[in-house]
Every structure is written in structure tokens, then in C-alpha cells.
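Peer 1: Pasting a structure below so you can have a look.
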Amino acid sequence: MARRLLWAGAGLALATALPQPWAVAARGKPVSPWAEVDRLFDESRFSELWAQLEAAPMPEEPNMRGQLLWRQARACKNLSMLAKTKEERKRYTYLALELAREAVRLAPDEAAAHRWFGIATSFVGDFEGLNSKIKNTYVIRDAFQRAIELDPQDPTNLHLLGVWAYTISDIPWYQRKLVETAVGKFPDTSYQEALELLMKAEALQPGFFSRNTLAIGKAHLALGDRRAARTWLERAA
């Protein structure tokens with residue numbers, strides 16, 4: 001996952017709720033108009049999710065349009081991972097990036113828009129040259145940092161930036177020198193920074209993501225703390 005992050009870089013409920021910022025449940029509590037499509041995502045029903053998002057009416061209010069677009073980007077990114085051909089994967093990957101970029105433009109204060117823009121940018125690395133990949137490391141970092149600024153209580157944003165930092169730090173020095181001589185400098189970061197970000201994510205919501213637990217173990221191992229690494233890696237197993 002870490003390598004890929006850098007180099008790879010519903011129907012009725014949605015349609016009826018989109019014109020309004022919020023729907024109100026029978027119990028009087030506010031309900032997100034996106035509840036149904038988010039449920040489909042949580043259930044990994046990506047084809048059905050994409051069909052419903054694609055058919056949904058486009059909201060007039062810019063922020064709501066942005067919220068629809070980042071969800072479309074999220075669906076496309078996951079469909080790209082299920083694609084049977086390289087061309088199909090490429091099409092979904094670039095569509096995800098286009099949708100996420102527009103979501104950021106329309107909803108600049110929406111943390112998830114920045115998060116998925118960063119994720120989509122990381123995945124286009126599969127199809128672009130080395131120079132573009134290096135430049136995109138900065139774009140990815142900035143997107144995740146902005147997501148954290150907008151929603152510091154979401155552990156996923158911290159996890160993503162932590163994995164980014166680990167991935168950059170894990171590039172062997174000789175590869176780094178060759179690449180930097182040819183196309184430009186990598187961003188400055190370290191295993192220690194990666195560990196701190198991952199631990200912050202874990203502190204916000206302990207055990208929220210097994211891959212965060214795994215990444216913490218790998219960061220400890222990279223820093224030479226084998227005892228701590230074993231503890232976290234066993235938790236992730």
C-alpha cells in the first residue's frame with residue numbers, strides 16, 4: 001500500500017435529498033443526504049454506488065456539488081482497482097483525479113475533497129513519468145496536509161500523510177540520489193515524522209484501521225526499535 005500511495009501513485013434517497021443541505025429524520029436528528037451512498041461505499045458495492053452517483057442530479061449549490069464530486073472520485077478510484085484491463089483502470093484513475101480536482105475547486109473547505117484529490121493524484125503515478133511522479137509527491141503531501149487542517153479529528157487524514165512520509169523516507173539513498181540528479185529533489189521528511197503522524201491517528205481513534213497499526217510497526221522497525229515494532233506488528237496480524 002505504501003509504495004502504491006506514492007507511485008501509483010443511492011438512488012431515491014440521494015435524489016430527493018440533494019436540493020437541501022440536510023434531510024431530517026423522523027426522530028428529529030439531522031441526516032446527511034449522502035447517507036445511502038456512503039453506506040454503499042462502506043459495503044464495497046462500488047458498481048452500484050457509481051451508477052447511482054452518476055445518475056444523481058447535480059446540485060446547484062457549489063459546496064454540495066463538491067461533495068457529490070469527491071464521492072464520485074472515491075467510487076472511480078475503487079472501480080479502477082477492480083478494472084480488468086489497463087485501459088479501463090487508466091480511464092477510471094484519471095476520471096477520479098478530474099472529479100477530485102473539481103471537488104476541491106467547488107468545496108475548498110471540504111476535507112474529504114482534498115483527501116481524495118491526494119489519493120487520486122497518487123494513483124496516476126502508475127501511468128506517468130518519473131518527473132511527474134516527483135512533482136506529485138508535493139501535491140499529495142499538500143492535499144493531505146490541507147485535509148488535516150480542515151478536519152484534524154479525522155484519523156484517516158493523519159494516516160495518509162504518515163504513510164506518505166514513510167514511503168518517501170523508505171526510498172533507498174542511492175535511488176534518491178539518482179532520481180534527484182535527474183529530475184529534482186524529494187520533499188523533506190523522515191521515519192520519525194511518519195511515526196508521529198501515525199501515532200496521532202491512532203490516539204484519535206485506537207484500532208481504527210489495521211493498516212495504520214501495521215504502518216506504526218514498520219515505522220518503529222525502520223527507526224531500529226524492534227521491541228516496539230514487534231508489539232505493533234503483532235497487533236496488526
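Note on naming: chains are A, B, ... as they come in the C-alpha cells, residues start from 1 per chain, ligands start from 1 in the order shown.
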Just the residues within 12 Å of Asn131 (chain A), please, counting only C-alpha atoms, with nothing from its chain fewer than 4 positions along; format it as a VMD selection string.
Peer 2: chain A and resid 7 125 127 135 to 138 179 to 186
Peer 1: List every residue of region 2-212 of chain A that DSSP, applied to the backbone of this structure, places in helix (DSSP H, G or I), and write the result as a VMD selection string.
Peer 2: chain A and resid 2 to 7 11 to 17 35 to 42 46 to 55 62 to 82 86 to 106 111 to 127 130 to 150 155 to 169 173 to 182 191 to 204 210 to 212
Peer 1: CA of Trp70 (chain A) to CA of Thr167 (chain A): how many Å, to one decimal?
Peer 2: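 CA of Thr167 (chain A) lies 24.6 Å from CA of Trp70 (chain A).
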Peer 1: Please indicate the distance in Å from CA of Ser169 (chain A) to CA of Ser190 (chain A), rounded to one decimal place.
Peer 2: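 According to the coordinates, CA of Ser169 (chain A) and CA of Ser190 (chain A) are separated by 5.3 Å.
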Peer 1: For Ile216 (chain A), which of A:Leu158, A:Ala55, A:Leu198, A:Ala203 is the closest residue, counting only C-alpha atoms?
Peer 2: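 Among the listed residues, A:Leu198 lies closest to Ile216 (chain A).
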Peer 1: Quick one: residues within 9 Å of Phe144 (chain A), only C-alpha atoms counted, chain neighbours fewer than 6 positions away excluded, as a PyMOL selection string?
Peer 2: chain A and resi 111+114-119+157-158+160-161
Peer 1: Write out, as a PDB file, in the first residue's frame, the residues just selected, with N, CA, C and O atoms.
Peer 2:
ATOM      1  N   ALA A 111     -12.751  18.775   3.756  1.00  0.00           N
ATOM      2  CA  ALA A 111     -11.543  17.974   3.970  1.00  0.00           C
ATOM      3  C   ALA A 111     -11.495  16.741   3.074  1.00  0.00           C
ATOM      4  O   ALA A 111     -10.436  16.393   2.533  1.00  0.00           O
ATOM      5  N   HIS A 114     -10.077  17.269  -0.461  1.00  0.00           N
ATOM      6  CA  HIS A 114      -8.620  17.318  -0.513  1.00  0.00           C
ATOM      7  C   HIS A 114      -8.021  15.917  -0.326  1.00  0.00           C
ATOM      8  O   HIS A 114      -7.041  15.561  -0.988  1.00  0.00           O
ATOM      9  N   ARG A 115      -8.609  15.144   0.586  1.00  0.00           N
ATOM     10  CA  ARG A 115      -8.104  13.789   0.820  1.00  0.00           C
ATOM     11  C   ARG A 115      -8.169  12.952  -0.458  1.00  0.00           C
ATOM     12  O   ARG A 115      -7.186  12.300  -0.830  1.00  0.00           O
ATOM     13  N   TRP A 116      -9.303  12.991  -1.124  1.00  0.00           N
ATOM     14  CA  TRP A 116      -9.447  12.160  -2.309  1.00  0.00           C
ATOM     15  C   TRP A 116      -8.694  12.725  -3.504  1.00  0.00           C
ATOM     16  O   TRP A 116      -8.298  11.975  -4.397  1.00  0.00           O
ATOM     17  N   PHE A 117      -8.462  14.024  -3.511  1.00  0.00           N
ATOM     18  CA  PHE A 117      -7.579  14.584  -4.533  1.00  0.00           C
ATOM     19  C   PHE A 117      -6.162  14.055  -4.336  1.00  0.00           C
ATOM     20  O   PHE A 117      -5.489  13.672  -5.298  1.00  0.00           O
ATOM     21  N   GLY A 118      -5.699  13.999  -3.093  1.00  0.00           N
ATOM     22  CA  GLY A 118      -4.382  13.440  -2.813  1.00  0.00           C
ATOM     23  C   GLY A 118      -4.293  11.973  -3.188  1.00  0.00           C
ATOM     24  O   GLY A 118      -3.312  11.523  -3.796  1.00  0.00           O
ATOM     25  N   ILE A 119      -5.310  11.211  -2.841  1.00  0.00           N
ATOM     26  CA  ILE A 119      -5.319   9.781  -3.159  1.00  0.00           C
ATOM     27  C   ILE A 119      -5.335   9.568  -4.673  1.00  0.00           C
ATOM     28  O   ILE A 119      -4.574   8.752  -5.216  1.00  0.00           O
ATOM     29  N   ASN A 157      -6.912  11.121   7.688  1.00  0.00           N
ATOM     30  CA  ASN A 157      -6.047  12.122   7.069  1.00  0.00           C
ATOM     31  C   ASN A 157      -4.622  12.031   7.617  1.00  0.00           C
ATOM     32  O   ASN A 157      -3.648  12.115   6.871  1.00  0.00           O
ATOM     33  N   LEU A 158      -4.513  11.864   8.929  1.00  0.00           N
ATOM     34  CA  LEU A 158      -3.196  11.717   9.548  1.00  0.00           C
ATOM     35  C   LEU A 158      -2.515  10.434   9.087  1.00  0.00           C
ATOM     36  O   LEU A 158      -1.300  10.406   8.846  1.00  0.00           O
ATOM     37  N   LEU A 160      -2.893   8.895   6.219  1.00  0.00           N
ATOM     38  CA  LEU A 160      -2.436   9.049   4.843  1.00  0.00           C
ATOM     39  C   LEU A 160      -1.144   9.856   4.756  1.00  0.00           C
ATOM     40  O   LEU A 160      -0.221   9.495   4.017  1.00  0.00           O
ATOM     41  N   LEU A 161      -1.073  10.942   5.513  1.00  0.00           N
ATOM     42  CA  LEU A 161       0.152  11.733   5.498  1.00  0.00           C
ATOM     43  C   LEU A 161       1.303  10.954   6.135  1.00  0.00           C
ATOM     44  O   LEU A 161       2.455  11.055   5.689  1.00  0.00           O
TER      45      LEU A 161
END
Peer 1: When DSSP is applied to the backbone of this structure, which of region 6-224 of chain A are assigned strand (DSSP E or B)? Write them out as a PyMOL selection string.
Peer 2: chain A and resi 23-24+30-31
Peer 1: What would the file look like if the residues just selected were written as a PDB file, in the first residue's frame with C-alpha atoms?
Peer 2:
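Dumped everything to selection-v7.pdb:
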ATOM      1  CA  ALA A  23     -32.663  15.960   5.488  1.00  0.00           C
ATOM      2  CA  VAL A  24     -34.368  15.498   8.833  1.00  0.00           C
ATOM      3  CA  PRO A  30     -30.136  15.760  11.019  1.00  0.00           C
ATOM      4  CA  VAL A  31     -29.281  13.083   8.466  1.00  0.00           C
TER       5      VAL A  31
END
Peer 1: By how many Å are CA of Glu196 (chain A) and CA of Pro172 (chain A) apart?
Peer 2: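 These atoms are spaced 21.1 Å apart.
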Peer 1: Between A:Ala215, A:Ala236, A:Ser132, A:Val124, single out the one closest to Trp164 (chain A), counting only C-alpha atoms.
Peer 2: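 Using only C-alpha atoms, Trp164 (chain A) sits closest to A:Ala215.
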Peer 1: Tell me which protein, DNA and RNA residues are within 10 Å of region 151-153 of chain A, counting only C-alpha atoms, leaving out same-chain ones fewer than 4 positions away, and put them as a ChimeraX atom specification.
Peer 2: /A:109-112,145-147,157-158,200-201,204-205
Peer 1: Of the candidates A:Glu43, A:Glu149, A:Asp142, A:Glu88, which shows the shortest atom-to-atom distance to Pro187 (chain A), using only C-alpha atoms?
Peer 2: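 Comparing A:Glu43, A:Glu149, A:Asp142, A:Glu88 against Pro187 (chain A), the winner is A:Asp142.
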Peer 1: Which residues come within 7 Å of Leu99 (chain A), counting only C-alpha atoms, excluding same-chain residues fewer than 2 positions away, as a list of chain:residue names?
Peer 2: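 Returned residues: A:Leu69, A:Trp70, A:Gln72, A:Ala73, A:Leu95, A:Ala96, A:Leu97, A:Arg101, A:Glu102, A:Ala103.
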